[in-house]
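Asks: My file is target_1.txt. It has compact mmCIF, C-alpha atoms:
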# COMPACT_ATOMS: atom_id res chain seq x y z
CA MET C 9 101.39 86.49 82.26
CA LEU C 10 100.84 83.37 80.15
CA ASP C 11 102.61 82.65 76.88
CA ILE C 12 100.25 83.45 73.98
CA LYS C 13 101.98 80.78 71.88
CA LEU C 14 101.11 78.17 74.53
CA ILE C 15 97.51 79.41 74.62
CA LYS C 16 97.18 79.16 70.82
CA GLU C 17 98.89 75.79 70.37
CA HIS C 18 97.52 74.03 73.47
CA THR C 19 94.21 75.76 74.14
CA GLY C 20 92.51 72.71 75.62
CA GLU C 21 95.35 71.99 78.04
CA VAL C 22 95.50 75.63 79.15
CA LEU C 23 91.73 75.68 79.81
CA GLN C 24 91.90 72.44 81.80
CA ARG C 25 94.82 73.57 83.96
CA LEU C 26 93.09 76.87 84.67
CA LYS C 27 89.95 74.92 85.56
CA ASN C 28 92.05 72.86 88.00
CA LYS C 29 92.84 76.19 89.64
CA GLY C 30 89.16 77.09 89.88
CA LYS C 31 89.17 79.42 86.89
CA ASP C 32 86.66 78.88 84.08
CA ALA C 33 88.44 80.94 81.42
CA GLU C 34 86.78 79.72 78.23
CA ALA C 35 85.22 83.12 77.43
CA GLU C 36 88.44 85.01 78.22
CA ILE C 37 90.64 82.65 76.20
CA SER C 38 88.27 82.80 73.25
CA ARG C 39 88.32 86.59 73.29
CA ILE C 40 92.11 86.67 73.72
CA LEU C 41 92.55 84.49 70.62
CA GLU C 42 90.20 86.76 68.65
CA LEU C 43 92.09 89.87 69.77
CA ASP C 44 95.45 88.28 69.02
CA ALA C 45 94.37 87.47 65.48
CA GLU C 46 92.98 91.00 65.03
CA ARG C 47 96.14 92.49 66.50
CA ARG C 48 98.39 90.54 64.16
CA GLU C 49 96.24 91.45 61.17
CA LEU C 50 96.39 95.17 62.04
CA ILE C 51 100.14 95.02 62.61
CA GLY C 52 100.66 93.30 59.25
CA LYS C 53 98.41 95.80 57.46
CA SER C 54 100.16 98.73 59.12
CA GLU C 55 103.59 97.43 58.10
CA LYS C 56 102.44 97.11 54.47
CA LEU C 57 101.02 100.64 54.47
CA LYS C 58 104.23 102.04 55.94
CA ALA C 59 106.28 100.17 53.34
CA GLU C 60 104.07 101.67 50.62
CA GLN C 61 104.54 105.12 52.19
CA ASN C 62 108.30 104.68 51.97
CA ARG C 63 108.13 103.62 48.32
CA GLU C 64 105.93 106.59 47.38
CA SER C 65 108.09 109.03 49.34
CA LYS C 66 111.19 107.87 47.45
CA LEU C 67 109.48 108.84 44.17
CA ILE C 68 109.16 112.52 45.15
CA PRO C 69 112.74 113.58 44.19
CA GLN C 70 112.41 111.76 40.86
CA TYR C 71 109.05 113.40 40.08
CA LYS C 72 110.45 116.83 40.94
CA LYS C 73 113.46 116.24 38.70
CA GLU C 74 111.23 115.16 35.83
CA GLY C 75 108.81 118.05 36.40
CA LYS C 76 105.81 115.80 36.95
CA ASP C 77 102.64 116.86 38.70
CA MET C 78 103.16 116.29 42.46
CA ALA C 79 99.50 116.50 43.46
CA PRO C 80 98.65 112.79 42.90
CA ILE C 81 101.60 111.53 44.93
CA PHE C 82 100.90 113.94 47.79
CA SER C 83 97.26 112.88 47.73
CA LYS C 84 98.31 109.22 47.86
CA LEU C 85 100.69 109.86 50.76
CA LYS C 86 97.97 111.66 52.72
CA GLU C 87 95.58 108.79 52.09
CA LEU C 88 98.20 106.31 53.31
CA ALA C 89 98.99 108.43 56.38
CA ASP C 90 95.30 108.60 57.29
CA SER C 91 94.99 104.82 56.97
CA VAL C 92 98.08 104.26 59.12
CA LYS C 93 96.70 106.60 61.79
CA GLU C 94 93.27 104.97 61.73
CA ASP C 95 94.74 101.47 62.00
CA GLY C 96 97.07 102.68 64.77
CA GLU C 97 94.10 103.85 66.82
CA LYS C 98 92.33 100.53 66.23
CA LEU C 99 95.50 98.63 67.22
CA LYS C 100 95.81 100.64 70.43
CA LYS C 101 92.28 99.73 71.50
CA VAL C 102 92.77 96.08 70.59
CA GLU C 103 96.06 95.86 72.51
CA GLU C 104 94.55 97.57 75.56
CA GLU C 105 91.78 94.97 75.76
CA TYR C 106 94.20 92.14 74.93
CA ASN C 107 96.70 93.14 77.64
CA ALA C 108 93.94 93.70 80.21
CA LEU C 109 92.61 90.17 79.64
CA MET C 110 96.08 88.60 79.65
CA LEU C 111 96.92 90.32 82.95
CA THR C 112 93.82 88.89 84.64
CA LEU C 113 94.62 85.26 83.78
CA PRO C 114 96.20 83.38 86.72
CA ASN C 115 99.32 81.28 86.34
CA LEU C 116 98.93 77.68 85.18
CA PRO C 117 99.32 75.19 88.04
CA ASP C 118 101.97 72.53 87.49
CA PRO C 119 100.47 69.37 85.91
CA ASP C 120 101.23 67.19 88.96
CA LEU C 121 99.09 69.28 91.33
CA LEU C 122 95.73 67.92 92.39
CA PRO C 123 92.77 70.04 91.24
CA GLY C 124 90.57 71.79 93.76
CA GLY C 125 91.21 73.66 96.99
CA LYS C 126 92.33 73.03 100.57
CA GLU C 127 90.51 69.72 100.75
CA ASN C 128 93.05 68.31 98.29
CA ASN C 129 96.20 69.65 100.00
CA ARG C 130 98.56 66.78 100.82
CA PRO C 131 101.06 66.64 103.71
CA LEU C 132 104.38 65.37 102.33
CA ARG C 133 106.32 64.89 105.59
CA TYR C 134 106.23 65.58 109.31
CA PHE C 135 109.06 66.63 111.63
CA GLY C 136 109.03 65.94 115.36
CA LYS C 137 106.02 65.00 117.44
CA PRO C 138 103.07 67.07 118.70
CA HIS C 139 103.61 68.58 122.14
CA GLU C 140 101.93 66.92 125.09
CA PHE C 141 101.57 68.61 128.46
CA ASP C 142 101.13 67.14 131.94
CA PHE C 143 99.42 70.37 133.00
CA LYS C 144 96.70 72.61 131.58
CA PRO C 145 98.55 74.76 129.00
CA LYS C 146 97.80 78.44 128.37
CA ASP C 147 97.19 79.93 124.94
CA HIS C 148 99.67 82.41 123.48
CA VAL C 149 97.50 85.46 124.23
CA GLU C 150 97.48 84.66 127.96
CA LEU C 151 101.16 83.68 127.93
CA CYS C 152 102.31 86.80 126.10
CA THR C 153 100.27 88.95 128.48
CA ASP C 154 101.51 87.21 131.65
CA LEU C 155 105.11 87.30 130.43
CA GLY C 156 104.82 90.98 129.50
CA LEU C 157 105.80 90.28 125.87
CA ILE C 158 102.83 91.81 124.04
CA ASP C 159 100.45 94.66 124.84
CA TYR C 160 97.29 93.95 122.86
CA GLU C 161 95.16 96.68 124.45
CA ARG C 162 97.57 99.50 123.66
CA GLY C 163 98.10 98.14 120.14
CA ALA C 164 94.34 98.41 119.58
CA LYS C 165 94.35 101.86 121.18
CA LEU C 166 97.03 103.03 118.73
CA SER C 167 95.65 101.52 115.52
CA GLY C 168 92.52 99.44 116.13
CA SER C 169 91.94 95.67 116.12
CA GLY C 170 94.55 93.54 114.37
CA PHE C 171 97.53 95.47 115.81
CA TRP C 172 99.72 94.88 118.86
CA VAL C 173 102.75 96.31 120.65
CA TYR C 174 105.92 94.30 121.39
CA LYS C 175 107.26 95.13 124.84
CA GLY C 176 110.55 94.51 126.62
CA MET C 177 111.53 90.88 126.23
CA GLY C 178 108.78 90.49 123.61
CA ALA C 179 110.44 93.08 121.38
CA ARG C 180 113.83 91.44 122.01
CA LEU C 181 112.42 88.00 121.22
CA GLU C 182 110.92 89.29 117.96
CA TRP C 183 114.25 90.86 117.03
CA ALA C 184 116.13 87.67 117.97
CA LEU C 185 113.94 85.66 115.60
CA LEU C 186 114.61 88.11 112.77
CA ASN C 187 118.35 88.03 113.43
CA TYR C 188 118.34 84.22 113.47
CA PHE C 189 116.65 84.20 110.04
CA ILE C 190 118.97 86.88 108.63
CA ASP C 191 122.17 85.24 109.87
CA THR C 192 121.09 81.87 108.45
CA HIS C 193 120.41 83.32 104.99
CA LEU C 194 123.73 85.17 104.98
CA LYS C 195 125.57 81.92 105.79
CA ASP C 196 123.76 80.28 102.87
CA GLY C 197 125.09 82.90 100.44
CA TYR C 198 121.93 84.98 99.94
CA GLU C 199 122.29 88.74 99.45
CA PHE C 200 120.61 90.96 102.04
CA VAL C 201 118.48 93.69 100.43
CA MET C 202 116.62 96.48 102.23
CA VAL C 203 113.72 97.56 100.01
CA PRO C 204 111.27 100.51 100.17
CA HIS C 205 108.07 99.81 102.08
CA MET C 206 106.07 101.98 99.66
CA LEU C 207 105.88 100.69 96.09
CA GLY C 208 104.59 101.79 92.70
CA TYR C 209 101.78 100.03 90.82
CA GLU C 210 104.22 98.24 88.48
CA CYS C 211 105.58 96.21 91.39
CA GLY C 212 102.15 94.79 92.17
CA GLN C 213 101.49 94.10 88.48
CA THR C 214 104.80 92.28 87.99
CA ALA C 215 104.24 90.15 91.09
CA GLY C 216 100.80 89.17 89.76
CA GLN C 217 98.84 90.82 92.59
CA PHE C 218 97.44 93.58 90.37
CA PRO C 219 95.02 94.30 88.85
CA LYS C 220 92.86 91.59 90.45
CA PHE C 221 93.90 92.08 94.08
CA SER C 222 94.63 95.80 94.04
CA ASP C 223 91.97 96.38 96.73
CA GLU C 224 93.77 94.09 99.21
CA VAL C 225 96.66 96.49 99.89
CA TYR C 226 96.86 99.81 101.70
CA TRP C 227 97.04 102.61 99.12
CA LEU C 228 98.57 105.95 100.01
CA GLU C 229 96.69 109.01 98.88
CA SER C 230 98.83 111.34 96.78
CA ALA C 231 98.35 114.93 95.71
CA GLY C 232 98.66 116.36 92.22
CA GLU C 233 101.01 114.51 89.89
CA GLU C 234 102.79 112.59 92.65
CA ARG C 235 103.13 108.88 91.89
CA ARG C 236 100.52 106.76 93.68
CA ARG C 237 102.04 104.16 96.00
CA PHE C 238 100.91 101.27 98.19
CA MET C 239 102.33 99.67 101.34
CA LEU C 240 104.00 96.40 100.45
CA PRO C 241 102.06 93.26 101.49
CA THR C 242 105.28 91.19 101.37
CA ALA C 243 108.90 91.85 100.42
CA GLU C 244 108.40 89.52 97.44
CA THR C 245 106.42 92.30 95.75
CA ALA C 246 109.54 94.47 95.78
CA LEU C 247 112.21 91.79 95.29
CA VAL C 248 110.65 90.33 92.11
CA SER C 249 110.78 93.80 90.54
CA LEU C 250 114.46 94.43 91.24
CA HIS C 251 115.31 93.31 87.70
CA ARG C 252 112.10 94.43 86.02
CA GLY C 253 112.74 95.40 82.39
CA GLU C 254 116.29 94.01 82.48
CA LEU C 255 118.18 91.55 80.29
CA LEU C 256 120.53 89.49 82.46
CA ASN C 257 123.40 87.34 81.24
CA GLU C 258 123.30 83.58 81.77
CA GLU C 259 126.37 83.72 84.01
CA ASP C 260 124.60 86.27 86.27
CA LEU C 261 122.10 83.63 87.43
CA PRO C 262 121.02 82.49 89.90
CA LYS C 263 120.45 85.63 91.93
CA LYS C 264 119.50 84.90 95.53
CA TYR C 265 118.05 87.70 97.65
CA PHE C 266 116.36 88.07 101.00
CA SER C 267 114.84 91.04 102.75
CA TYR C 268 113.33 91.91 106.11
CA THR C 269 110.23 94.14 106.04
CA PRO C 270 107.06 94.74 107.95
CA CYS C 271 104.13 93.56 105.82
CA PHE C 272 100.77 95.31 105.50
CA ARG C 273 97.59 93.39 104.59
CA ARG C 274 94.05 94.74 104.24
CA GLU C 275 92.51 91.30 104.06
CA ALA C 276 94.04 90.27 107.40
CA GLY C 277 92.28 90.60 110.70
CA SER C 278 90.03 87.78 111.82
CA TYR C 279 87.58 87.58 114.69
CA ARG C 280 87.60 83.77 114.81
CA ALA C 281 88.10 82.55 118.36
CA ASP C 282 91.12 80.42 117.41
CA GLU C 283 92.88 83.29 115.62
CA ARG C 284 93.12 85.81 118.43
CA GLY C 285 96.26 87.74 119.26
CA MET C 286 99.02 87.75 116.66
CA VAL C 287 97.93 84.95 114.34
CA ARG C 288 96.22 87.39 111.98
CA GLY C 289 97.01 91.07 111.80
CA HIS C 290 97.17 94.03 109.49
CA GLN C 291 100.92 94.45 110.10
CA PHE C 292 103.52 91.77 110.81
CA ASN C 293 107.24 91.14 110.34
CA LYS C 294 108.66 88.76 107.78
CA VAL C 295 111.95 87.80 106.18
CA GLU C 296 111.39 86.84 102.53
CA MET C 297 113.61 84.89 100.11
CA VAL C 298 113.53 85.32 96.32
CA GLN C 299 115.47 83.64 93.54
CA TYR C 300 115.92 84.51 89.87
CA THR C 301 117.06 81.41 88.01
CA LEU C 302 117.41 79.67 84.65
CA PRO C 303 114.33 77.65 83.64
CA GLU C 304 116.19 74.32 83.77
CA ASN C 305 117.31 75.05 87.36
CA SER C 306 113.87 76.13 88.56
CA ASP C 307 112.86 72.86 90.24
CA ALA C 308 116.18 72.55 92.09
CA ALA C 309 115.86 76.16 93.29
CA PHE C 310 112.36 75.38 94.59
CA GLU C 311 113.61 72.41 96.62
CA GLU C 312 116.44 74.55 97.98
CA LEU C 313 113.99 77.17 99.24
CA VAL C 314 111.73 74.52 100.80
CA THR C 315 114.70 72.95 102.59
CA LYS C 316 115.85 76.35 103.86
CA ALA C 317 112.42 77.13 105.30
CA GLU C 318 112.19 73.67 106.89
CA ASN C 319 115.65 74.02 108.45
CA LEU C 320 114.75 77.36 110.02
CA VAL C 321 111.73 75.78 111.71
CA LYS C 322 113.74 72.69 112.71
CA GLY C 323 116.32 74.97 114.31
CA LEU C 324 113.62 76.35 116.60
CA GLY C 325 112.69 72.81 117.68
CA PHE C 326 109.10 72.96 116.44
CA HIS C 327 106.89 70.10 115.39
CA PHE C 328 105.73 70.90 111.84
CA ARG C 329 104.63 69.46 108.53
CA THR C 330 105.32 70.31 104.88
CA VAL C 331 102.19 70.43 102.73
CA LYS C 332 101.88 70.36 98.94
CA LEU C 333 99.03 72.67 97.98
CA ALA C 334 96.33 71.71 95.50
CA ALA C 335 96.03 73.82 92.35
CA GLU C 336 93.22 76.09 93.56
CA ASP C 337 94.92 76.80 96.90
CA CYS C 338 98.03 78.17 95.18
CA SER C 339 97.96 81.94 94.77
CA ALA C 340 97.02 83.36 91.38
CA SER C 341 100.61 84.03 90.28
CA MET C 342 102.14 80.71 91.38
CA ALA C 343 102.53 77.41 89.54
CA ARG C 344 103.29 75.38 92.66
CA THR C 345 103.44 76.01 96.41
CA TYR C 346 104.52 74.08 99.50
CA ASP C 347 103.47 75.39 102.92
CA ILE C 348 105.44 74.81 106.11
CA GLU C 349 102.84 74.49 108.88
CA ILE C 350 103.61 74.48 112.61
CA GLN C 351 101.50 73.32 115.49
CA ILE C 352 100.04 75.98 117.79
CA PRO C 353 98.53 73.77 120.53
CA SER C 354 95.64 76.08 121.50
CA MET C 355 94.41 76.07 117.90
CA ASN C 356 94.12 72.30 117.65
CA GLY C 357 95.80 72.22 114.29
CA TYR C 358 98.49 73.67 112.07
CA LYS C 359 99.17 77.19 110.87
CA GLU C 360 101.29 78.19 107.87
CA VAL C 361 104.54 80.00 108.73
CA SER C 362 106.23 79.73 105.35
CA SER C 363 104.90 79.50 101.83
CA VAL C 364 107.46 78.52 99.16
CA SER C 365 106.33 79.05 95.57
CA ASN C 366 107.53 78.82 91.99
CA ALA C 367 106.08 81.34 89.54
CA ARG C 368 107.95 79.78 86.58
CA ASP C 369 108.11 82.53 83.87
CA TYR C 370 104.74 84.12 84.82
CA GLN C 371 106.19 87.09 86.73
CA ALA C 372 109.11 87.43 84.31
CA ARG C 373 106.71 87.89 81.38
CA ARG C 374 104.74 90.53 83.29
CA GLY C 375 107.94 92.38 84.21
CA MET C 376 109.94 91.73 80.99
CA MET C 377 112.78 90.00 82.86
CA ARG C 378 114.88 87.95 80.47
CA VAL C 379 118.18 86.13 80.25
CA LYS C 380 120.66 86.13 77.38
CA ARG C 381 122.20 82.71 76.84
CA SER C 382 125.86 82.19 76.01
CA ASP C 383 124.82 81.26 72.44
CA GLY C 384 122.89 84.52 72.05
CA ARG C 385 119.37 83.15 72.61
CA ILE C 386 117.07 85.32 74.75
CA GLU C 387 114.32 83.84 76.92
CA TYR C 388 112.35 84.57 80.06
CA LEU C 389 113.92 83.60 83.38
CA HIS C 390 112.09 82.02 86.34
CA THR C 391 111.29 83.60 89.72
CA LEU C 392 110.67 81.86 93.05
CA ASN C 393 109.94 83.05 96.57
CA GLY C 394 109.65 81.71 100.08
CA SER C 395 108.96 83.07 103.55
CA GLY C 396 111.97 82.70 105.74
CA LEU C 397 110.05 83.26 108.05
CA ALA C 398 106.97 85.21 109.24
CA THR C 399 107.22 85.89 112.98
CA SER C 400 103.57 86.55 113.86
CA ARG C 401 102.87 82.80 114.03
CA ILE C 402 106.34 81.68 115.06
CA LEU C 403 106.22 83.63 118.32
CA PRO C 404 102.80 82.24 119.39
CA ALA C 405 103.99 78.70 118.62
CA LEU C 406 107.23 79.33 120.49
CA VAL C 407 105.58 80.39 123.73
CA GLU C 408 102.86 77.73 123.57
CA GLN C 409 105.11 74.78 122.70
CA ASN C 410 107.85 75.80 125.16
CA GLN C 411 105.70 76.76 128.14
CA ARG C 412 106.17 75.20 131.56
CA ALA C 413 103.77 74.52 134.41
CA ASP C 414 105.03 77.55 136.37
CA GLY C 415 104.14 79.88 133.48
CA SER C 416 107.71 80.37 132.28
CA VAL C 417 108.84 79.71 128.71
CA GLU C 418 112.04 78.01 127.56
CA VAL C 419 113.98 79.90 124.90
CA PRO C 420 115.09 77.79 121.88
CA GLU C 421 118.84 77.26 121.89
CA VAL C 422 119.38 79.09 118.56
CA LEU C 423 117.95 82.29 120.08
CA ARG C 424 119.79 82.28 123.39
CA GLY C 425 122.87 84.05 122.04
CA TYR C 426 120.71 86.93 120.82
CA LEU C 427 118.67 87.19 124.04
CA GLY C 428 121.34 86.37 126.62
CA CYS C 429 118.99 84.04 128.51
CA SER C 430 117.55 80.54 128.26
CA GLU C 431 114.11 81.17 129.77
CA ILE C 432 111.52 83.90 130.23
CA PHE C 433 109.56 84.24 133.48
CA PRO C 434 106.19 85.88 134.13
CA LYS C 435 106.15 89.47 135.26
CA LYS C 436 105.77 89.85 139.02
I'd like the structure from this file rewritten - as structure tokens, please.
Replies:
Amino acid sequence: MLDIKLIKEHTGEVLQRLKNKGKDAEAEISRILELDAERRELIGKSEKLKAEQNRESKLIPQYKKEGKDMAPIFSKLKELADSVKEDGEKLKKVEEEYNALMLTLPNLPDPDLLPGGKENNRPLRYFGKPHEFDFKPKDHVELCTDLGLIDYERGAKLSGSGFWVYKGMGARLEWALLNYFIDTHLKDGYEFVMVPHMLGYECGQTAGQFPKFSDEVYWLESAGEERRRFMLPTAETALVSLHRGELLNEEDLPKKYFSYTPCFRREAGSYRADERGMVRGHQFNKVEMVQYTLPENSDAAFEELVTKAENLVKGLGFHFRTVKLAAEDCSASMARTYDIEIQIPSMNGYKEVSSVSNARDYQARRGMMRVKRSDGRIEYLHTLNGSGLATSRILPALVEQNQRADGSVEVPEVLRGYLGCSEIFPKK
């Protein structure tokens, strides 16, 4: 959620930055300012009426003592009570519309981001060199099938297109990747958190995914008065609500968490020829990092998360690039995002395997997450997140980049201790 003070004092700047993100919000901002003024007027009027109620009520004992007629004062109190109730109902309606509009506004992109979408994304650095083969390489679907790692047909039989089954060494390889990520984060001092996979609406609202993107998750039907829940699209949705509604002390920050979860996405599932197999799916595994930090440490925390994601990919020996996203390509709740993109040879390009983002105080305002300074000041903290990493694109890149002419695949050194082998051979 945006700061109403910022909207009021720098309306033009707010409109321009939202425009950079592809959002023409002039009508919404205008209405928000009208509602804010009306809201403040109603609050002020209500406070005056309540103060007058208190003054009149204090006169009752005196009037009784003096034997005065009580009818006028009771009539006045009823009139005041009716006015307070009427204004309260008006205020409720105004605040409902005000909050609904505020919740639909995306986060402001950082001023240094280029406007526009993917066409204005800028690679910042490259690591390693693209793979070259002296034989005709296979794509990951053929490799995973020949090696007996993935069963696509039975995955579709169980759940439809966009699902797959890990088998044998494929399941072990997936688990090895997850363990490599987890062990690395533990060494870096992050706290491992296992979160529920079913979440309440407030989690999606705090993360900035609801109300706008509430149709992009899998909702669970509930009976009677049972709380309605959805399947988490990423562990970030849960992790950024861990401290929802809390006031943390300055010395408690930063808080560094990570979690492994399967992720469930309705919008996933593509029939493009270059996105077959595991590259897009309705369910995939991911380890997610989240930080809660002081505003002045936000930029340093962002660079830390980017470096961590890069180091994980470096450890696997992949060629990759780090890309600074343009304003419109950042998600609605994020102020800045860097993507780590790896090469999957059969796709003739790069695919994102980690997205590191800074929400600034946007999520904290939505979830009322604040920090109390040592001098007593209270302000909103900052939240950041980063994939560390998603496996559904790592595994395809791994088998494609490390394949040999005989159809075998070399296992990256960092995974050999988990798998107990250095290479995987095709099934006989």
Asks: Identify, on the basis of all atoms listed in the file, every residue whose closest approach to C:Gly415 does not exceed 7 Å; exclude the query and any residue fewer than 4 positions from it along the same chain; express the result as a PyMOL selection string.
Replies: chain C and resi 411+433-434
Asks: Given only C-alpha atoms as the basis, pick out the residue of C:Leu181, C:Leu247, C:Leu151, C:Ala164 nearest to C:Gln409.
Replies: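 The answer is C:Leu151, which sits nearest to C:Gln409.
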Asks: Point out the residue among C:Phe82, C:Tyr209, C:Phe272, C:Phe292 with the least atom-to-atom distance to C:Tyr226, counting all atoms listed in the file.
Replies: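 Closest residue, counting all atoms listed in the file: C:Phe272.
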Asks: Just checking: using only C-alpha atoms, which residue out of C:Glu105, C:Glu150, C:Glu87, C:Asp196 ends up closest to C:Leu43?
Replies: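 When distances to C:Leu43 are compared using only C-alpha atoms, the smallest one comes from C:Glu105.
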Asks: Just give me the gap between atom CA of C:Leu57 and atom CA of C:Lys86 in Å, one decimal is fine.
Replies: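 It comes out at 11.6 Å.
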Asks: Set the distance at 9 Å and use all atoms listed in the file: which residues neighbour C:Leu320 once local chain neighbours fewer than 3 positions away are removed? I'd like the list as a list in words.
Replies: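 Here the qualifying residues turn out to be Tyr188, Phe189, Thr192, Thr315, Lys316, Ala317, Gly323, Leu324, Gly396 and Leu397 of chain C.
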Asks: Quick one: residues within 10 Å of C:Arg47, all atoms listed in the file, excluding same-chain residues fewer than 2 positions away - as a PyMOL selection string?
Replies: chain C and resi 41-45+49-53+98-103+106
Asks: Counting all atoms listed in the file, note down every residue that has an atom within 8 Å of the point (113.9, 93.6, 81.3) (file coordinates), as a PyMOL selection string.
Replies: chain C and resi 251-256+375-378
Asks: What is the distance, in Å and to one decimal place, between atom CA of C:Gly156 and atom CA of C:His205?
Replies: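 For atom CA of C:Gly156 relative to atom CA of C:His205, the distance reads 29.0 Å.
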Asks: My list of candidates is C:Leu302, C:Val361, C:Val203, C:Cys152. Which is closest to C:Val173 when distances are computed with all atoms listed in the file?
Replies: C:Cys152
Asks: Could you give me, as a PDB file with C-alpha atoms, in the frame of the given file, the residues within 12 Å of C:Arg344, counting all atoms listed in the file and dropping anything in the same chain fewer than 5 positions from it?
Replies:
ATOM      1  CA  LYS C  29      92.840  76.190  89.640  1.00  0.00           C
ATOM      2  CA  ASN C 115      99.320  81.280  86.340  1.00  0.00           C
ATOM      3  CA  LEU C 116      98.930  77.680  85.180  1.00  0.00           C
ATOM      4  CA  PRO C 117      99.320  75.190  88.040  1.00  0.00           C
ATOM      5  CA  ASP C 118     101.970  72.530  87.490  1.00  0.00           C
ATOM      6  CA  PRO C 119     100.470  69.370  85.910  1.00  0.00           C
ATOM      7  CA  ASP C 120     101.230  67.190  88.960  1.00  0.00           C
ATOM      8  CA  LEU C 121      99.090  69.280  91.330  1.00  0.00           C
ATOM      9  CA  LEU C 122      95.730  67.920  92.390  1.00  0.00           C
ATOM     10  CA  PRO C 123      92.770  70.040  91.240  1.00  0.00           C
ATOM     11  CA  ASN C 129      96.200  69.650 100.000  1.00  0.00           C
ATOM     12  CA  SER C 306     113.870  76.130  88.560  1.00  0.00           C
ATOM     13  CA  ASP C 307     112.860  72.860  90.240  1.00  0.00           C
ATOM     14  CA  PHE C 310     112.360  75.380  94.590  1.00  0.00           C
ATOM     15  CA  GLU C 311     113.610  72.410  96.620  1.00  0.00           C
ATOM     16  CA  VAL C 314     111.730  74.520 100.800  1.00  0.00           C
ATOM     17  CA  VAL C 331     102.190  70.430 102.730  1.00  0.00           C
ATOM     18  CA  LYS C 332     101.880  70.360  98.940  1.00  0.00           C
ATOM     19  CA  LEU C 333      99.030  72.670  97.980  1.00  0.00           C
ATOM     20  CA  ALA C 334      96.330  71.710  95.500  1.00  0.00           C
ATOM     21  CA  ALA C 335      96.030  73.820  92.350  1.00  0.00           C
ATOM     22  CA  GLU C 336      93.220  76.090  93.560  1.00  0.00           C
ATOM     23  CA  ASP C 337      94.920  76.800  96.900  1.00  0.00           C
ATOM     24  CA  CYS C 338      98.030  78.170  95.180  1.00  0.00           C
ATOM     25  CA  SER C 339      97.960  81.940  94.770  1.00  0.00           C
ATOM     26  CA  SER C 363     104.900  79.500 101.830  1.00  0.00           C
ATOM     27  CA  VAL C 364     107.460  78.520  99.160  1.00  0.00           C
ATOM     28  CA  SER C 365     106.330  79.050  95.570  1.00  0.00           C
ATOM     29  CA  ASN C 366     107.530  78.820  91.990  1.00  0.00           C
ATOM     30  CA  ALA C 367     106.080  81.340  89.540  1.00  0.00           C
ATOM     31  CA  ARG C 368     107.950  79.780  86.580  1.00  0.00           C
ATOM     32  CA  TYR C 370     104.740  84.120  84.820  1.00  0.00           C
ATOM     33  CA  THR C 391     111.290  83.600  89.720  1.00  0.00           C
ATOM     34  CA  LEU C 392     110.670  81.860  93.050  1.00  0.00           C
ATOM     35  CA  ASN C 393     109.940  83.050  96.570  1.00  0.00           C
ATOM     36  CA  GLY C 394     109.650  81.710 100.080  1.00  0.00           C
TER      37      GLY C 394
END
Asks: My list of candidates is C:Met355, C:Ile68, C:Leu427, C:Leu389. Which is closest to C:Glu258 when distances are computed with all atoms listed in the file?
Replies: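 Using all atoms listed in the file, the shortest distance to C:Glu258 belongs to C:Leu389.
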Asks: Quick one: distance from atom CA of C:Glu60 to atom CA of C:Lys93 in Å, one decimal?
Replies: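 Atom-to-atom, atom CA of C:Glu60 to atom CA of C:Lys93, that is 14.3 Å.
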